[in-house]
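K.L.:
Structure provided below as structure tokens; questions to follow.
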Amino acid sequence: MKEVADGVWQLTGFPPHGINEYLLGDVLVDAGASFSRRQILKDLRGHTVSAHALTHAHADHQGASKKVCDELGVPFWVGEADADAAERPELIRERQPDKLINKVFWKAMAGPGHTVDRRLREGDEVAGFQVLDVPGHSAGHVAYWRASDGVLVLGDVMNNQNPLTGVPRGLRLPPSFFTPDPERNRQSAKRLGELEPKLVLFGHGPPHRDTAKFVAFTEAL
Ligand SMILES: [Zn+2]
């Protein structure tokens with residue numbers, strides 16, 4: 001794992017930066033795909049983990065959630081409007097745009113559902129970060145924001161690479177075929193730009209530290 005900010009680690013991910021998980025203090029944020037379990041548990045060895053939270057309940061973020069929660073004995077925290085999908089992953093497939101790629105991805109990556117212990121809402125605190133409601137890419141998508149040093153974990157509200165191929169790198173909105181409500185997601189992205197974050201951490205793509213570029217991109221949306 002790599003420490004990318006004070007008390008914030010980016011897990012190894014597979015492929016690197018392709019599917020990201022983060023440790024914020026003692027809270028694991030996102031759990032990759034179903035095949036990510038071994039990598040996540042290996043990365044977390046030697047670290048204290050007290051809870052597991054999601055940015056959103058999609059197959060490449062909740063894939064190993066149940067196994068991680070069971071093996072580490074930690075509670076599962078999910079944005080309020082995604083909690084039912086985190087418990088019953090067939091809802092993930094049903095809520096995604098009706099495209100073959102979503103069915104294929106769901107089959108390849110979704111993990112079993114797991115009981116949600118805490119439904120996250122705007123303004124809640126998680127490991128010193130504030131929960132922000134940023135719906136659109138999923139109904140209950142949340143971001144985690146630490147104003148004191150400008151660290152933002154925004155899940156898939158934006159990507160910093162092509163999420164299918166990994167190339168090219170660079171800021172973009174997630175593809176509409178992965179996003180049930182692209183217009184709402186665009187508004188969420190603009191809101192995040194107004195925070196003027198110093199470090200942005202994505203579900204897909206490397207960390208981004210160019211505040212001016214991030215703000216300009218979101219203003220133009
Ligand atoms: Zn997603």
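Ordering of the structure tokens sets the chain letters (A, B, ...), residue numbers begin anew at 1 in every chain, and ligands are numbered from 1 in the order given.
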Write out as a list in words each polymer residue (protein, DNA or RNA) that has an atom no more than 9 Å from ligand 1, with only C-alpha atoms and all ligand atoms counted.
P.N.:
Thr55, His56, Ala57, His58, Ala59, Asp60, His61, His137, Ser138, His141, Gly155, Asp156, Val157, Pro174, Phe178, Thr179 and Gly203 of chain A
K.L.:
Determine, counting only C-alpha atoms, which protein, DNA and RNA residues have an atom within 8 Å of an atom of Arg184 in chain A; residues of the same chain fewer than 2 positions away are not included. Present the result as an NGL selection string.
P.N.:
:A and (135-137 or 181-182 or 186-188)
K.L.:
Any chance you can output those residues with all heavy atoms as a PDB file, in the first residue's frame?
P.N.:
ATOM      1  N   PRO A 135     -25.164  11.773  -5.794  1.00  0.00           N
ATOM      2  CA  PRO A 135     -25.878  10.757  -6.588  1.00  0.00           C
ATOM      3  C   PRO A 135     -25.714  10.960  -8.091  1.00  0.00           C
ATOM      4  O   PRO A 135     -25.264  12.020  -8.544  1.00  0.00           O
ATOM      5  CB  PRO A 135     -27.334  10.968  -6.163  1.00  0.00           C
ATOM      6  CG  PRO A 135     -27.405  12.420  -5.799  1.00  0.00           C
ATOM      7  CD  PRO A 135     -26.067  12.760  -5.190  1.00  0.00           C
ATOM      8  N   GLY A 136     -26.105   9.953  -8.838  1.00  0.00           N
ATOM      9  CA  GLY A 136     -26.098  10.022 -10.298  1.00  0.00           C
ATOM     10  C   GLY A 136     -25.488   8.774 -10.905  1.00  0.00           C
ATOM     11  O   GLY A 136     -26.138   8.046 -11.652  1.00  0.00           O
ATOM     12  N   HIS A 137     -24.218   8.515 -10.571  1.00  0.00           N
ATOM     13  CA  HIS A 137     -23.575   7.270 -11.034  1.00  0.00           C
ATOM     14  C   HIS A 137     -24.234   6.069 -10.351  1.00  0.00           C
ATOM     15  O   HIS A 137     -24.295   4.982 -10.919  1.00  0.00           O
ATOM     16  CB  HIS A 137     -22.075   7.336 -10.766  1.00  0.00           C
ATOM     17  CG  HIS A 137     -21.330   6.133 -11.229  1.00  0.00           C
ATOM     18  ND1 HIS A 137     -21.120   5.838 -12.556  1.00  0.00           N
ATOM     19  CD2 HIS A 137     -20.758   5.119 -10.526  1.00  0.00           C
ATOM     20  CE1 HIS A 137     -20.448   4.702 -12.653  1.00  0.00           C
ATOM     21  NE2 HIS A 137     -20.222   4.245 -11.428  1.00  0.00           N
ATOM     22  N   ASP A 181     -27.981   7.850 -14.079  1.00  0.00           N
ATOM     23  CA  ASP A 181     -28.483   9.230 -14.196  1.00  0.00           C
ATOM     24  C   ASP A 181     -27.310  10.183 -14.468  1.00  0.00           C
ATOM     25  O   ASP A 181     -26.813  10.856 -13.555  1.00  0.00           O
ATOM     26  CB  ASP A 181     -29.227   9.620 -12.913  1.00  0.00           C
ATOM     27  CG  ASP A 181     -30.019  10.912 -13.065  1.00  0.00           C
ATOM     28  OD1 ASP A 181     -29.693  11.707 -13.989  1.00  0.00           O
ATOM     29  OD2 ASP A 181     -30.937  11.143 -12.267  1.00  0.00           O
ATOM     30  N   PRO A 182     -26.858  10.233 -15.734  1.00  0.00           N
ATOM     31  CA  PRO A 182     -25.668  11.039 -16.057  1.00  0.00           C
ATOM     32  C   PRO A 182     -25.825  12.519 -15.713  1.00  0.00           C
ATOM     33  O   PRO A 182     -24.854  13.168 -15.293  1.00  0.00           O
ATOM     34  CB  PRO A 182     -25.499  10.845 -17.570  1.00  0.00           C
ATOM     35  CG  PRO A 182     -26.220   9.575 -17.879  1.00  0.00           C
ATOM     36  CD  PRO A 182     -27.359   9.515 -16.904  1.00  0.00           C
ATOM     37  N   ARG A 186     -23.397  14.616 -13.320  1.00  0.00           N
ATOM     38  CA  ARG A 186     -22.673  15.819 -13.770  1.00  0.00           C
ATOM     39  C   ARG A 186     -22.794  16.925 -12.704  1.00  0.00           C
ATOM     40  O   ARG A 186     -21.821  17.613 -12.381  1.00  0.00           O
ATOM     41  CB  ARG A 186     -23.249  16.278 -15.116  1.00  0.00           C
ATOM     42  CG  ARG A 186     -22.429  17.321 -15.840  1.00  0.00           C
ATOM     43  CD  ARG A 186     -23.057  17.640 -17.201  1.00  0.00           C
ATOM     44  NE  ARG A 186     -24.327  18.334 -17.053  1.00  0.00           N
ATOM     45  CZ  ARG A 186     -24.452  19.659 -16.916  1.00  0.00           C
ATOM     46  NH1 ARG A 186     -23.390  20.427 -16.961  1.00  0.00           N
ATOM     47  NH2 ARG A 186     -25.644  20.206 -16.757  1.00  0.00           N
ATOM     48  N   GLN A 187     -23.998  17.082 -12.164  1.00  0.00           N
ATOM     49  CA  GLN A 187     -24.201  18.090 -11.105  1.00  0.00           C
ATOM     50  C   GLN A 187     -23.360  17.744  -9.872  1.00  0.00           C
ATOM     51  O   GLN A 187     -22.791  18.632  -9.232  1.00  0.00           O
ATOM     52  CB  GLN A 187     -25.683  18.173 -10.714  1.00  0.00           C
ATOM     53  CG  GLN A 187     -26.609  18.659 -11.827  1.00  0.00           C
ATOM     54  CD  GLN A 187     -26.259  20.059 -12.328  1.00  0.00           C
ATOM     55  OE1 GLN A 187     -25.660  20.855 -11.605  1.00  0.00           O
ATOM     56  NE2 GLN A 187     -26.595  20.346 -13.582  1.00  0.00           N
ATOM     57  N   SER A 188     -23.280  16.467  -9.560  1.00  0.00           N
ATOM     58  CA  SER A 188     -22.457  16.036  -8.417  1.00  0.00           C
ATOM     59  C   SER A 188     -20.985  16.360  -8.663  1.00  0.00           C
ATOM     60  O   SER A 188     -20.277  16.817  -7.759  1.00  0.00           O
ATOM     61  CB  SER A 188     -22.634  14.533  -8.172  1.00  0.00           C
ATOM     62  OG  SER A 188     -23.932  14.252  -7.683  1.00  0.00           O
TER      63      SER A 188
END
K.L.:
Quick check, in Å to one decimal: how far apart do CA of Gly46 in chain A and CA of Arg209 in chain A lie?
P.N.:
28.0 Å
K.L.:
Excluding Val116 in chain A and any residue of its chain fewer than 5 positions from it, enumerate the residues within 9 Å of it, using only C-alpha atoms, and give them as JSON, numbers by chain.
P.N.:
{"A": [75, 76, 77, 78, 83, 84, 86, 87]}
K.L.:
Each residue of range 49-167 of chain A lying at most 8 Å from range 23-43 of chain A should get a row with its shortest atom-to-atom pair and the distance in Å to one decimal, counting only C-alpha atoms; could you produce that, ordered by chain and increasing number, as a Markdown table?
P.N.:
| residue | atom | partner | partner_atom | distance |
| --- | --- | --- | --- | --- |
| A:Val49 | CA | A:Asp26 | CA | 4.5 |
| A:Ser50 | CA | A:Asp26 | CA | 5.5 |
| A:Ala51 | CA | A:Val27 | CA | 4.9 |
| A:His52 | CA | A:Leu28 | CA | 4.6 |
| A:Ala53 | CA | A:Val29 | CA | 4.8 |
| A:Leu54 | CA | A:Asp30 | CA | 4.7 |
| A:Thr55 | CA | A:Asp30 | CA | 6.4 |
| A:His56 | CA | A:Asp30 | CA | 8.0 |
| A:Ala59 | CA | A:Ala33 | CA | 6.2 |
| A:Asp60 | CA | A:Ala33 | CA | 4.3 |
| A:His61 | CA | A:Gly32 | CA | 4.4 |
| A:Gln62 | CA | A:Ala31 | CA | 5.3 |
| A:Gly63 | CA | A:Ala33 | CA | 3.8 |
| A:Ala64 | CA | A:Ser34 | CA | 4.8 |
| A:Ser65 | CA | A:Ala31 | CA | 5.4 |
| A:Lys67 | CA | A:Arg37 | CA | 6.9 |
| A:Val68 | CA | A:Arg37 | CA | 6.8 |
| A:Ala108 | CA | A:Ser34 | CA | 7.8 |
| A:Met109 | CA | A:Ala33 | CA | 4.7 |
| A:Ala110 | CA | A:Ser34 | CA | 5.8 |
| A:Gly111 | CA | A:Ser34 | CA | 4.9 |
| A:Val126 | CA | A:Val27 | CA | 7.6 |
| A:Ala127 | CA | A:Gly25 | CA | 5.7 |
| A:Gly128 | CA | A:Gly25 | CA | 8.0 |
K.L.:
Write down as a ChimeraX atom specification the residues belonging to range 35-162 of chain A that are assigned strand (DSSP E or B) by DSSP computed on the backbone.
P.N.:
/A:51-53,76-79,118-120,125-126,129-133,142-146,151-155,159-161
K.L.:
Can you tell me how far CA of Leu132 in chain A sits from CA of Tyr144 in chain A, in Å to one decimal?
P.N.:
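For CA of Leu132 in chain A relative to CA of Tyr144 in chain A, the distance reads 6.2 Å.
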